[in-house]
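Visitor: My questions all concern the structure below.
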Amino acid sequence: MDLARARQEIRALAHYQGAYAVVEYLHDHFPHYSWVGIYWVDGQDLILGPWKGPQATEHTRIPVGKGVCGAAAQSGRTEIVGDVSQDPRYLACFPDTRSEIVVPIIADGRVVGEIDIDGTEFNAFSETDRGFLEDVARLLATLAPGIL
Ligand code: SME
C-alpha cells in the first residue's frame with residue numbers, strides 16, 4: 001500500500017464524505033485492519049461512531065480511563081497492544097482479536113475522539129501504522145461532533 005497516496009485519498013474522503021468513508025477506506029485497503037471504528041469523546045465517555053468490521057461491538061460507550069480505548073483517551077497517546085490477552089486493561093469485543101491499536105484524535109490540544117483498530121494476528125501493528133494513523137487522526141480532527 002502506497003501510504004502517501006492513501007493519505008491523499010483519505011484527506012479527500014474526510015473532506016467530502018465524512019468519517020464513515022475514512023473508516024471504510026481503512027478497513028477495505030489494509031488487510032490487517034480487521035475491525036476499524038471511531039469513538040468520539042462526549043464528556044467523560046467515549047461513544048462509538050462509524051465502524052466497519054465483521055461484527056458489532058457491545059462496547060458502544062466506554063468511560064474515559066477504562067480499557068485500552070479509555071487509556072489512550074486519557075493520556076492523548078497512541079496505544080499499541082501486541083497481545084491483548086496480556087494487557088489487563090483490555091476490554092474484549094471479538095473472540096478473534098489478538099492485537100489492537102488506538103490512536104487519539106486531537107483538536108485544539110484536546111482529545112476529541114480516537115481511531116480503534118483490532119487485528120486478528122499477534123503484533124499486527126507497527127510503528128509505520130502508528131505514524132500513518134496519527135496522520136489520519138489529524139485529518140479526522142475537524143469532523144468531531146461539536147467541533148465546528
Ligand atoms: N478493546 C477495546 C474496546 C473496544 S473494542 O475493541 C471495539 C478496549 O480495550 O478499550
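By convention in this document, the chains of the C-alpha cells carry letters A, B, ... by their order, each chain's residues are numbered from 1, and ligands are numbered from 1 in the order they are shown.
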Show me which residues are within 6 Å of ligand 1 counting only C-alpha atoms and all ligand atoms, and format the list as a tab-separated table (two decimals) with all heavy atoms, in the first residue's frame.
Guide:
```
chain	number	residue	atom	x	y	z
A	57	THR	N	-19.71	-4.33	18.08
A	57	THR	CA	-19.17	-4.47	19.44
A	57	THR	C	-20.23	-4.08	20.45
A	57	THR	O	-21.04	-3.18	20.21
A	57	THR	CB	-17.92	-3.58	19.65
A	57	THR	OG1	-17.56	-3.65	21.03
A	57	THR	CG2	-18.16	-2.13	19.27
A	59	HIS	N	-19.34	-2.72	23.15
A	59	HIS	CA	-18.78	-1.55	23.84
A	59	HIS	C	-19.05	-0.28	23.03
A	59	HIS	O	-18.18	0.25	22.36
A	59	HIS	CB	-17.28	-1.73	24.06
A	59	HIS	CG	-16.94	-2.88	24.94
A	59	HIS	ND1	-17.28	-2.92	26.27
A	59	HIS	CD2	-16.32	-4.06	24.68
A	59	HIS	CE1	-16.87	-4.06	26.80
A	59	HIS	NE2	-16.30	-4.78	25.85
A	67	GLY	N	-10.37	0.49	29.83
A	67	GLY	CA	-9.96	-0.24	28.62
A	67	GLY	C	-8.76	0.41	27.95
A	67	GLY	O	-8.24	1.43	28.42
A	68	VAL	N	-8.32	-0.21	26.88
A	68	VAL	CA	-7.21	0.36	26.10
A	68	VAL	C	-7.69	1.67	25.46
A	68	VAL	O	-6.96	2.67	25.41
A	68	VAL	CB	-6.74	-0.64	25.03
A	68	VAL	CG1	-5.59	-0.06	24.22
A	68	VAL	CG2	-6.33	-1.97	25.67
A	69	CYS	N	-8.95	1.68	25.03
A	69	CYS	CA	-9.52	2.89	24.43
A	69	CYS	C	-9.53	4.04	25.41
A	69	CYS	O	-9.13	5.16	25.09
A	69	CYS	CB	-10.95	2.61	23.96
A	69	CYS	SG	-11.02	1.61	22.47
A	70	GLY	N	-9.99	3.76	26.62
A	70	GLY	CA	-10.08	4.81	27.63
A	70	GLY	C	-8.71	5.32	28.05
A	70	GLY	O	-8.55	6.50	28.38
A	90	TYR	N	-7.45	-4.49	28.77
A	90	TYR	CA	-8.19	-4.83	27.55
A	90	TYR	C	-9.65	-5.20	27.82
A	90	TYR	O	-9.94	-6.05	28.64
A	90	TYR	CB	-7.48	-5.98	26.83
A	90	TYR	CG	-8.22	-6.48	25.62
A	90	TYR	CD1	-8.37	-5.69	24.49
A	90	TYR	CD2	-8.78	-7.76	25.60
A	90	TYR	CE1	-9.06	-6.14	23.38
A	90	TYR	CE2	-9.47	-8.23	24.48
A	90	TYR	CZ	-9.60	-7.41	23.38
A	90	TYR	OH	-10.28	-7.87	22.29
A	91	LEU	N	-10.55	-4.56	27.10
A	91	LEU	CA	-11.98	-4.91	27.13
A	91	LEU	C	-12.26	-5.75	25.90
A	91	LEU	O	-12.13	-5.27	24.78
A	91	LEU	CB	-12.86	-3.65	27.06
A	91	LEU	CG	-12.74	-2.61	28.16
A	91	LEU	CD1	-13.55	-1.36	27.78
A	91	LEU	CD2	-13.25	-3.19	29.47
A	92	ALA	N	-12.65	-6.99	26.11
A	92	ALA	CA	-12.82	-7.90	24.97
A	92	ALA	C	-14.06	-7.55	24.16
A	92	ALA	O	-15.13	-7.27	24.71
A	92	ALA	CB	-12.93	-9.33	25.48
A	93	CYS	N	-13.90	-7.56	22.86
A	93	CYS	CA	-15.03	-7.32	21.95
A	93	CYS	C	-15.27	-8.52	21.05
A	93	CYS	O	-16.40	-8.95	20.89
A	93	CYS	CB	-14.75	-6.13	21.04
A	93	CYS	SG	-14.83	-4.56	21.87
```
Visitor: Mind checking which residues fall within 10 Å of Thr142 of chain A, counting only C-alpha atoms, ignoring those fewer than 6 positions away in the same chain, and posting them as a VMD selection string?
Guide: chain A and resid 14 to 15 105 to 108 112 148
Visitor: Quick one: residues within 10 Å of Thr60 of chain A, only C-alpha atoms counted, chain neighbours fewer than 3 positions away excluded, as a VMD selection string?
Guide: chain A and resid 39 45 to 49 56 to 57
Visitor: Measuring between only C-alpha atoms, which one of A:Ile115, A:Ala124, A:Leu143, A:Ala137 shows the shortest distance to Gln17 of chain A?
Guide: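 Of A:Ile115, A:Ala124, A:Leu143, A:Ala137, the one nearest Gln17 of chain A is A:Leu143, counting only C-alpha atoms.
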Visitor: Figure out the distance between atom CA of Ser34 of chain A and atom CA of Phe122 of chain A, please, to one decimal in Å.
Guide: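 Those two atoms sit 12.4 Å apart.
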Visitor: Closest to Arg130 of chain A among A:Asp83, A:Glu100, A:Asp2, A:Asp28, using only C-alpha atoms?
Guide: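 Closest to Arg130 of chain A of all the choices is A:Glu100.
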Visitor: Excluding Glu79 of chain A and its own-chain neighbours fewer than 4 positions away, which residues fall within 7 Å of it when counting only C-alpha atoms? Please give them as a short mmCIF file (atom, residue, chain, number, x, y, z; two decimals) with all heavy atoms, in the first residue's frame.
Guide:
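Contents of part07.cif, as written:
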```
data_model
loop_
_atom_site.label_atom_id
_atom_site.label_comp_id
_atom_site.auth_asym_id
_atom_site.auth_seq_id
_atom_site.Cartn_x
_atom_site.Cartn_y
_atom_site.Cartn_z
N ALA A 72 -6.00 5.53 26.08
CA ALA A 72 -5.49 6.43 25.04
C ALA A 72 -6.21 7.78 25.10
O ALA A 72 -5.59 8.83 24.87
CB ALA A 72 -5.68 5.79 23.67
N ILE A 101 -4.67 -1.34 18.10
CA ILE A 101 -4.03 -0.02 18.12
C ILE A 101 -5.12 1.02 18.33
O ILE A 101 -6.21 0.90 17.74
CB ILE A 101 -3.21 0.25 16.83
CG1 ILE A 101 -2.46 1.59 16.93
CG2 ILE A 101 -4.07 0.19 15.58
CD1 ILE A 101 -1.41 1.79 15.83
N VAL A 102 -4.86 1.96 19.20
CA VAL A 102 -5.81 3.04 19.47
C VAL A 102 -5.07 4.37 19.33
O VAL A 102 -4.06 4.59 20.00
CB VAL A 102 -6.44 2.94 20.87
CG1 VAL A 102 -7.49 4.03 21.06
CG2 VAL A 102 -7.06 1.56 21.10
N VAL A 103 -5.58 5.22 18.45
CA VAL A 103 -4.88 6.47 18.10
C VAL A 103 -5.79 7.66 18.42
O VAL A 103 -6.87 7.79 17.83
CB VAL A 103 -4.54 6.48 16.59
CG1 VAL A 103 -3.82 7.77 16.21
CG2 VAL A 103 -3.71 5.26 16.24
#
```
Visitor: Quick one, how far is atom CA of Lys66 of chain A from atom CA of Asp87 of chain A?
Guide: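 Those two atoms sit 12.4 Å apart.
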Visitor: Please run DSSP on the backbone and report, as a count of residues only, all residues within segment 38-111 of chain A that come out as strand (DSSP E).
Guide: 30
Visitor: Between A:Gly119, A:Gly43, A:Pro145, A:Gly113, which residue has the minimum interatomic distance to Thr78 of chain A, considering only C-alpha atoms?
Guide: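 Looking at the shortest contact to Thr78 of chain A, the residue is A:Gly113.
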Visitor: Measuring atom to atom with only C-alpha atoms, identify which of A:His27, A:Arg77, A:Arg138, A:Arg98 is nearest to Glu121 of chain A.
Guide: A:Arg98
Visitor: Mind giving me the straight-line distance from atom CA of Val136 of chain A to atom CA of Asp42 of chain A in Å, one decimal?
Guide: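 Atom-to-atom, atom CA of Val136 of chain A and atom CA of Asp42 of chain A are spaced 20.6 Å apart.
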Visitor: DSSP says alpha helix (DSSP H) for which residues of chain A? Put them as a ChimeraX atom specification?
Guide: /A:3-16,19-29,67-75,127-140
Visitor: Restricting it to N, CA and C atoms, dump the selection as a compact mmCIF listing (two decimals), in the first residue's frame.
Guide:
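Just written: selection-v8.txt:
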```txt
# COMPACT_ATOMS: atom_id res chain seq x y z
N LEU A 3 1.44 4.62 1.12
CA LEU A 3 0.83 5.39 2.22
C LEU A 3 0.63 6.85 1.87
N ALA A 4 1.52 7.41 1.04
CA ALA A 4 1.36 8.82 0.65
C ALA A 4 0.06 8.97 -0.15
N ARG A 5 -0.18 8.01 -1.02
CA ARG A 5 -1.40 8.04 -1.82
C ARG A 5 -2.63 7.81 -0.93
N ALA A 6 -2.51 6.88 0.02
CA ALA A 6 -3.63 6.61 0.93
C ALA A 6 -3.97 7.88 1.72
N ARG A 7 -2.94 8.59 2.19
CA ARG A 7 -3.19 9.84 2.93
C ARG A 7 -3.96 10.84 2.09
N GLN A 8 -3.56 10.94 0.83
CA GLN A 8 -4.21 11.89 -0.08
C GLN A 8 -5.68 11.51 -0.29
N GLU A 9 -5.92 10.23 -0.49
CA GLU A 9 -7.29 9.78 -0.73
C GLU A 9 -8.14 9.96 0.53
N ILE A 10 -7.51 9.70 1.68
CA ILE A 10 -8.25 9.84 2.94
C ILE A 10 -8.56 11.31 3.21
N ARG A 11 -7.63 12.20 2.84
CA ARG A 11 -7.89 13.64 3.03
C ARG A 11 -9.16 14.03 2.26
N ALA A 12 -9.26 13.55 1.02
CA ALA A 12 -10.44 13.88 0.20
C ALA A 12 -11.70 13.26 0.79
N LEU A 13 -11.60 12.00 1.23
CA LEU A 13 -12.78 11.34 1.81
C LEU A 13 -13.25 12.06 3.06
N ALA A 14 -12.30 12.44 3.91
CA ALA A 14 -12.66 13.13 5.16
C ALA A 14 -13.39 14.43 4.83
N HIS A 15 -12.88 15.12 3.82
CA HIS A 15 -13.45 16.43 3.47
C HIS A 15 -14.82 16.30 2.84
N TYR A 16 -14.95 15.37 1.88
CA TYR A 16 -16.18 15.34 1.08
C TYR A 16 -17.20 14.32 1.58
N ALA A 19 -16.55 10.85 8.18
CA ALA A 19 -15.78 9.89 8.97
C ALA A 19 -16.05 8.44 8.55
N TYR A 20 -17.31 8.12 8.20
CA TYR A 20 -17.56 6.72 7.84
C TYR A 20 -16.75 6.31 6.61
N ALA A 21 -16.64 7.23 5.64
CA ALA A 21 -15.90 6.91 4.42
C ALA A 21 -14.43 6.63 4.75
N VAL A 22 -13.89 7.33 5.73
CA VAL A 22 -12.50 7.10 6.14
C VAL A 22 -12.36 5.73 6.80
N VAL A 23 -13.29 5.40 7.68
CA VAL A 23 -13.29 4.09 8.34
C VAL A 23 -13.36 2.97 7.29
N GLU A 24 -14.25 3.15 6.34
CA GLU A 24 -14.43 2.13 5.30
C GLU A 24 -13.15 1.98 4.48
N TYR A 25 -12.52 3.10 4.15
CA TYR A 25 -11.28 3.06 3.36
C TYR A 25 -10.20 2.28 4.12
N LEU A 26 -10.05 2.59 5.39
CA LEU A 26 -9.02 1.90 6.19
C LEU A 26 -9.31 0.41 6.23
N HIS A 27 -10.55 0.07 6.52
CA HIS A 27 -10.92 -1.34 6.62
C HIS A 27 -10.68 -2.07 5.30
N ASP A 28 -11.07 -1.44 4.18
CA ASP A 28 -11.06 -2.13 2.88
C ASP A 28 -9.67 -2.18 2.24
N HIS A 29 -8.76 -1.27 2.62
CA HIS A 29 -7.45 -1.21 1.95
C HIS A 29 -6.31 -1.82 2.75
N GLY A 67 -10.37 0.49 29.83
CA GLY A 67 -9.96 -0.24 28.62
C GLY A 67 -8.76 0.41 27.95
N VAL A 68 -8.32 -0.21 26.88
CA VAL A 68 -7.21 0.36 26.10
C VAL A 68 -7.69 1.67 25.46
N CYS A 69 -8.95 1.68 25.03
CA CYS A 69 -9.52 2.89 24.43
C CYS A 69 -9.53 4.04 25.41
N GLY A 70 -9.99 3.76 26.62
CA GLY A 70 -10.08 4.81 27.63
C GLY A 70 -8.71 5.32 28.05
N ALA A 71 -7.71 4.42 28.02
CA ALA A 71 -6.34 4.83 28.39
C ALA A 71 -5.79 5.82 27.37
N ALA A 72 -6.00 5.53 26.08
CA ALA A 72 -5.49 6.43 25.04
C ALA A 72 -6.21 7.78 25.10
N ALA A 73 -7.50 7.74 25.42
CA ALA A 73 -8.25 8.99 25.51
C ALA A 73 -7.75 9.83 26.68
N GLN A 74 -7.39 9.15 27.78
CA GLN A 74 -6.92 9.87 28.97
C GLN A 74 -5.54 10.48 28.76
N SER A 75 -4.64 9.70 28.14
CA SER A 75 -3.25 10.16 28.01
C SER A 75 -3.03 11.01 26.76
N GLU A 127 5.22 0.55 14.00
CA GLU A 127 5.44 1.99 14.07
C GLU A 127 4.98 2.67 12.78
N THR A 128 5.01 1.95 11.68
CA THR A 128 4.51 2.51 10.41
C THR A 128 3.00 2.78 10.52
N ASP A 129 2.28 1.80 11.11
CA ASP A 129 0.84 2.02 11.32
C ASP A 129 0.61 3.22 12.23
N ARG A 130 1.43 3.31 13.27
CA ARG A 130 1.27 4.42 14.21
C ARG A 130 1.40 5.77 13.47
N GLY A 131 2.49 5.93 12.72
CA GLY A 131 2.73 7.20 12.02
C GLY A 131 1.61 7.52 11.04
N PHE A 132 1.22 6.51 10.28
CA PHE A 132 0.16 6.69 9.28
C PHE A 132 -1.16 7.06 9.95
N LEU A 133 -1.53 6.29 10.99
CA LEU A 133 -2.83 6.53 11.63
C LEU A 133 -2.85 7.83 12.42
N GLU A 134 -1.70 8.26 12.92
CA GLU A 134 -1.66 9.57 13.59
C GLU A 134 -1.90 10.68 12.55
N ASP A 135 -1.41 10.49 11.33
CA ASP A 135 -1.73 11.44 10.25
C ASP A 135 -3.23 11.41 9.94
N VAL A 136 -3.79 10.20 9.87
CA VAL A 136 -5.23 10.08 9.58
C VAL A 136 -6.04 10.75 10.70
N ALA A 137 -5.59 10.57 11.94
CA ALA A 137 -6.30 11.18 13.07
C ALA A 137 -6.32 12.71 12.93
N ARG A 138 -5.23 13.28 12.44
CA ARG A 138 -5.21 14.74 12.24
C ARG A 138 -6.24 15.15 11.18
N LEU A 139 -6.42 14.30 10.17
CA LEU A 139 -7.41 14.62 9.12
C LEU A 139 -8.84 14.51 9.66
N LEU A 140 -9.02 13.69 10.69
CA LEU A 140 -10.37 13.48 11.25
C LEU A 140 -10.74 14.53 12.30
```
